[in-house]
Each structure stands twice: as C-alpha cells, then as structure tokens.
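**Q** Once you've had a glance at the structure underneath, I'll fire off some questions.
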Amino acid sequence: MDRTILHLDLDTFYVSVERLIDSRLKKRPLLVGGTSDRGVVAACSYETRAFGVHSGMPMKMAKQLCPEAVVIRGNAGVYSKYSDNVTEIIKEQVPLFEKSSIDEFYADLSGMDRFFGCYKYASELRHSIIKETGLPISFGLSVNKVVSKVATNEAKPNNQLKIDYGFEKPFLAPLSIRKIPMVGDKTYQTLRNLGLKQVKTIQEMPRDMMHSVLGMNGVTIWDRANGIDTSPVIPFNERKSISTERTFDRDTIDVVRLRGILMAMTENLAFQLRRGDKLTACVAVKIRYSDFNTYSRQLRIPYTSADHVLIPSILDLFEKLYNRRLLVRLIGVRFSHLVGGNYQIDLFDDTQERLSLYDAMDKIRERFGERSVLRASAMDAKTIGRMYNPFNGQPPPVLAHRKQ
C-alpha cells in the first residue's frame, strides 16, 4: 500500500495564540520569548522577519533590528492549553497521529483514499481546526514525513500543499539545501564549502560521496534530498531522559545560590520520576561559564527516584565539575537511562518516616502545585517547576528555540 503522510504545523504558534488573546496585537510586529537581554526569541511574527528577525535569535539583537516590535514573555501553560485543543480535534478525526512538538503533528492517512480522498479529508481537517480554535495552520501531504514537512514549510503561511506520488524529487530539487530537515548551520556551511546550494546538486551526487564527507549523517541527508524516508508515524513517544536548566540574567559566582538551584532542580525532577513511576540510573550536571565554554559530567548510580540519593550525587558532580572559579552563565541537571518501576527500599538506610515524608510531599505537590512544598535551601529557585507530566507521551511544552 502506498503511504500517505500528513504534516500539520500551527503557523507562528505562540504569536497566533497571543493575538487570539489580545486582538490589538494583530498585524503588529510581535516577539515572544525571554524579555531580558539574555532572552531568546521563541517565536516572531511575519512582520518582524522583514527586518531579519528569526526564532532562536538573541532578544537583544531582535529588538535592535526591529525596535517597534512588541515583546511578550509568553506563557507555556497557555500555549499547552491551545495545543491540547488542536490535539483533541486531530485525535477525533485521524486514525493514527503523532504529536512531534507543541505545534507540529504527523498523521498517517494511508488507505483512506479507498473511502475518502486524503487531500480533501486533510483540507476539511485543517478548516475544522481553524474554525474551532481560530489558529492558522498549514499542512503538507505526501508519501513520507520528510517531504510532507518540507511541503508544509513551502505552503506557509496558512495554506496547504500536496506532493503527488513520484514527484518528490522534482519538488525538492530547486529548493535550498538548508530546507532539508536535519541540515543545521554547521552542516549547511560544510555543504556550501563543497559548492552545494540546491537540493538538486545533492540528488545528482553519489551516495558514497555524501558518506565520505559527513558519515552516516551524510547518507541520511542524501536520502532526504531524494525524498526517501521510511520513518513511521509513532503515536506515543517514550521519554529516554528528563532535564532542566537555567540561564541567569546576570552571570554569578554565588556558590551557595548555585547549590540551592541544583537542589531545587534535582528535587523537582525526582518528583517527576516518582509521579511517572520511573527510575534513573544516570545523573549529569551541566555548567556554562561566562566565556560560553560548556562542561558536563555524569555519574552512573543504582536505579532510584529518591531525593536523598539523587541530591548528594548531583552536588558531588557539581563540586568536581566547578573548578574554574569563573562566573557561571547556565547550570542544568539531567536524568537518563530511565526505566519503569518504583523506588526500591534500602533496608539499611531508609526509614518509614522518610518514605512517608516523600509520599506526603508528593501528594501536596499533586494537589497544590509543584512548588507548594520544597527545601528551604531551594527557595531561591523560583522558576524550576514544570507544571506538566513529562511521561504523558507528548513533547514538552517549552518555548521552542528553533526557526519556524
């Protein structure tokens, strides 16, 4: 059976939501993201792009390029709510779909042409989303995920595009190599140094040549440039790791504050593990100094989700990692090697009081919020809470620092 894959993308999602909330923002240049000079543009309206602004750009630079732009910090909880509304509409009308990010979806419509035209069905789905949510959305329809995603980007803003079977290569050929998914800035520069500009040139190259230049990534890029992609639509994404990090408005050397924030991060992530019935066997700490040099260190530990095991491990990693005595720009904590299961009681160290304390604290957090109870040393960390379940199979509702 020929595959039919639909890719849906909410156009400038954060901007569209803000305009839906406040109609005065319509047709005005708008930036969403961190409002401080250290902030990053999470989303920008089409009006700002004429000035050279794009997602992922430092907010300070964006405001210099477009001084008249309205800057909004953004609210991940509000965006998640609108994203969930779109998800519910898609869930009701599509047999198999994948939510790849807060504003992107894939749907497998294979075989539906026997009963209903896939393009007509996708069009009606798009118009249904626009009517019920008020959000603009574009889609691409083709035989695989890669071509559909590229088609969506070509259809924007607020439009749709179908690539018929067998026309994948002609469609991709005249496009810039930057439009191939997986080609970032460094890869793009490497390919440009080889004289490559259009996808057509990659299509004409031997596959082995791309392998010799970029290894297996080169092979993947060659496949995508030729419209080849067999990746399935996956309805549920199992998290392999969870992490959190903080970039400071001002670089700091306050070690006591850094330890407190690390404890808050660890405490919050440990709660997420217990809430999702998960255990971790690998913890890591990340530090970025004021000179932008970034270092990380990890430690394998027995499977656990207990604060009294994880917090000392994180602080010990921090002590070993933080040895340059420079101003710190960013710190982060990451748990990986996750498996399902409940905390295994240590017969020698654990007490009934400690286990009851964890249970009581988790119940308070579930009912009143993740920051309703925490250690006194972690009270300086005001924005660590996640406000969502990272193990619900959906992508995290963070502000995406990516070009849209």
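Lettering and numbering for the structure tokens are positional, with chains as A, B, ... in the shown order, residues counted from 1 in each chain, and ligands counted from 1 in the shown order.
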Once DSSP has gone over the backbone, tell me which residues of range 8-160 of chain A are in strand (DSSP E), as a ChimeraX atom specification.
**A** /A:8-10,30-33,41-44,70-72,97-101,104-108,137-142,160
**Q** Do you know which residues are at most 7 Å from range 239-241 of chain A counting only C-alpha atoms, after dropping those on the same chain fewer than 5 positions away, and could you put them as a list in words?
**A**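 The neighbour list is Phe335, Ser336, His337, Leu338 and Phe391 of chain A.
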**Q** Would you save the residues from that selection as a PDB file, in the first residue's frame, using all heavy atoms?
**A**
```pdb
ATOM      1  N   PHE A 335      18.586  13.624  34.071  1.00  0.00           N
ATOM      2  CA  PHE A 335      18.462  12.222  34.462  1.00  0.00           C
ATOM      3  C   PHE A 335      18.235  11.402  33.193  1.00  0.00           C
ATOM      4  O   PHE A 335      17.360  11.730  32.388  1.00  0.00           O
ATOM      5  CB  PHE A 335      17.267  11.997  35.398  1.00  0.00           C
ATOM      6  CG  PHE A 335      17.389  12.674  36.732  1.00  0.00           C
ATOM      7  CD1 PHE A 335      16.279  12.800  37.563  1.00  0.00           C
ATOM      8  CD2 PHE A 335      18.597  13.182  37.178  1.00  0.00           C
ATOM      9  CE1 PHE A 335      16.360  13.409  38.789  1.00  0.00           C
ATOM     10  CE2 PHE A 335      18.703  13.804  38.418  1.00  0.00           C
ATOM     11  CZ  PHE A 335      17.580  13.925  39.220  1.00  0.00           C
ATOM     12  N   SER A 336      18.993  10.334  33.021  1.00  0.00           N
ATOM     13  CA  SER A 336      18.837   9.478  31.844  1.00  0.00           C
ATOM     14  C   SER A 336      18.837   8.012  32.260  1.00  0.00           C
ATOM     15  O   SER A 336      18.844   7.697  33.447  1.00  0.00           O
ATOM     16  CB  SER A 336      19.945   9.764  30.823  1.00  0.00           C
ATOM     17  OG  SER A 336      21.223   9.569  31.402  1.00  0.00           O
ATOM     18  N   HIS A 337      18.849   7.122  31.246  1.00  0.00           N
ATOM     19  CA  HIS A 337      18.751   5.676  31.483  1.00  0.00           C
ATOM     20  C   HIS A 337      17.512   5.378  32.323  1.00  0.00           C
ATOM     21  O   HIS A 337      17.562   4.694  33.344  1.00  0.00           O
ATOM     22  CB  HIS A 337      20.008   5.141  32.183  1.00  0.00           C
ATOM     23  CG  HIS A 337      21.252   5.221  31.355  1.00  0.00           C
ATOM     24  ND1 HIS A 337      21.881   6.421  31.069  1.00  0.00           N
ATOM     25  CD2 HIS A 337      21.992   4.258  30.751  1.00  0.00           C
ATOM     26  CE1 HIS A 337      22.947   6.198  30.326  1.00  0.00           C
ATOM     27  NE2 HIS A 337      23.027   4.892  30.109  1.00  0.00           N
ATOM     28  N   LEU A 338      16.385   5.918  31.890  1.00  0.00           N
ATOM     29  CA  LEU A 338      15.137   5.773  32.640  1.00  0.00           C
ATOM     30  C   LEU A 338      14.483   4.421  32.382  1.00  0.00           C
ATOM     31  O   LEU A 338      14.500   3.916  31.263  1.00  0.00           O
ATOM     32  CB  LEU A 338      14.160   6.894  32.258  1.00  0.00           C
ATOM     33  CG  LEU A 338      14.648   8.334  32.408  1.00  0.00           C
ATOM     34  CD1 LEU A 338      13.531   9.301  32.068  1.00  0.00           C
ATOM     35  CD2 LEU A 338      15.175   8.596  33.813  1.00  0.00           C
ATOM     36  N   PHE A 391       5.900  12.362  31.295  1.00  0.00           N
ATOM     37  CA  PHE A 391       5.777  10.975  30.836  1.00  0.00           C
ATOM     38  C   PHE A 391       4.379  10.680  30.293  1.00  0.00           C
ATOM     39  O   PHE A 391       3.906   9.547  30.343  1.00  0.00           O
ATOM     40  CB  PHE A 391       6.115  10.017  31.969  1.00  0.00           C
ATOM     41  CG  PHE A 391       7.507  10.201  32.506  1.00  0.00           C
ATOM     42  CD1 PHE A 391       7.709  10.769  33.753  1.00  0.00           C
ATOM     43  CD2 PHE A 391       8.605   9.846  31.750  1.00  0.00           C
ATOM     44  CE1 PHE A 391       8.989  10.954  34.245  1.00  0.00           C
ATOM     45  CE2 PHE A 391       9.889  10.025  32.230  1.00  0.00           C
ATOM     46  CZ  PHE A 391      10.090  10.585  33.484  1.00  0.00           C
TER      47      PHE A 391
END
```
**Q** If I take CA of Gly33 in chain A and CA of Asn293 in chain A, how far is one from the other in Å, to one decimal?
**A**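 If I compute the distance from CA of Gly33 in chain A to CA of Asn293 in chain A, I get 23.7 Å.
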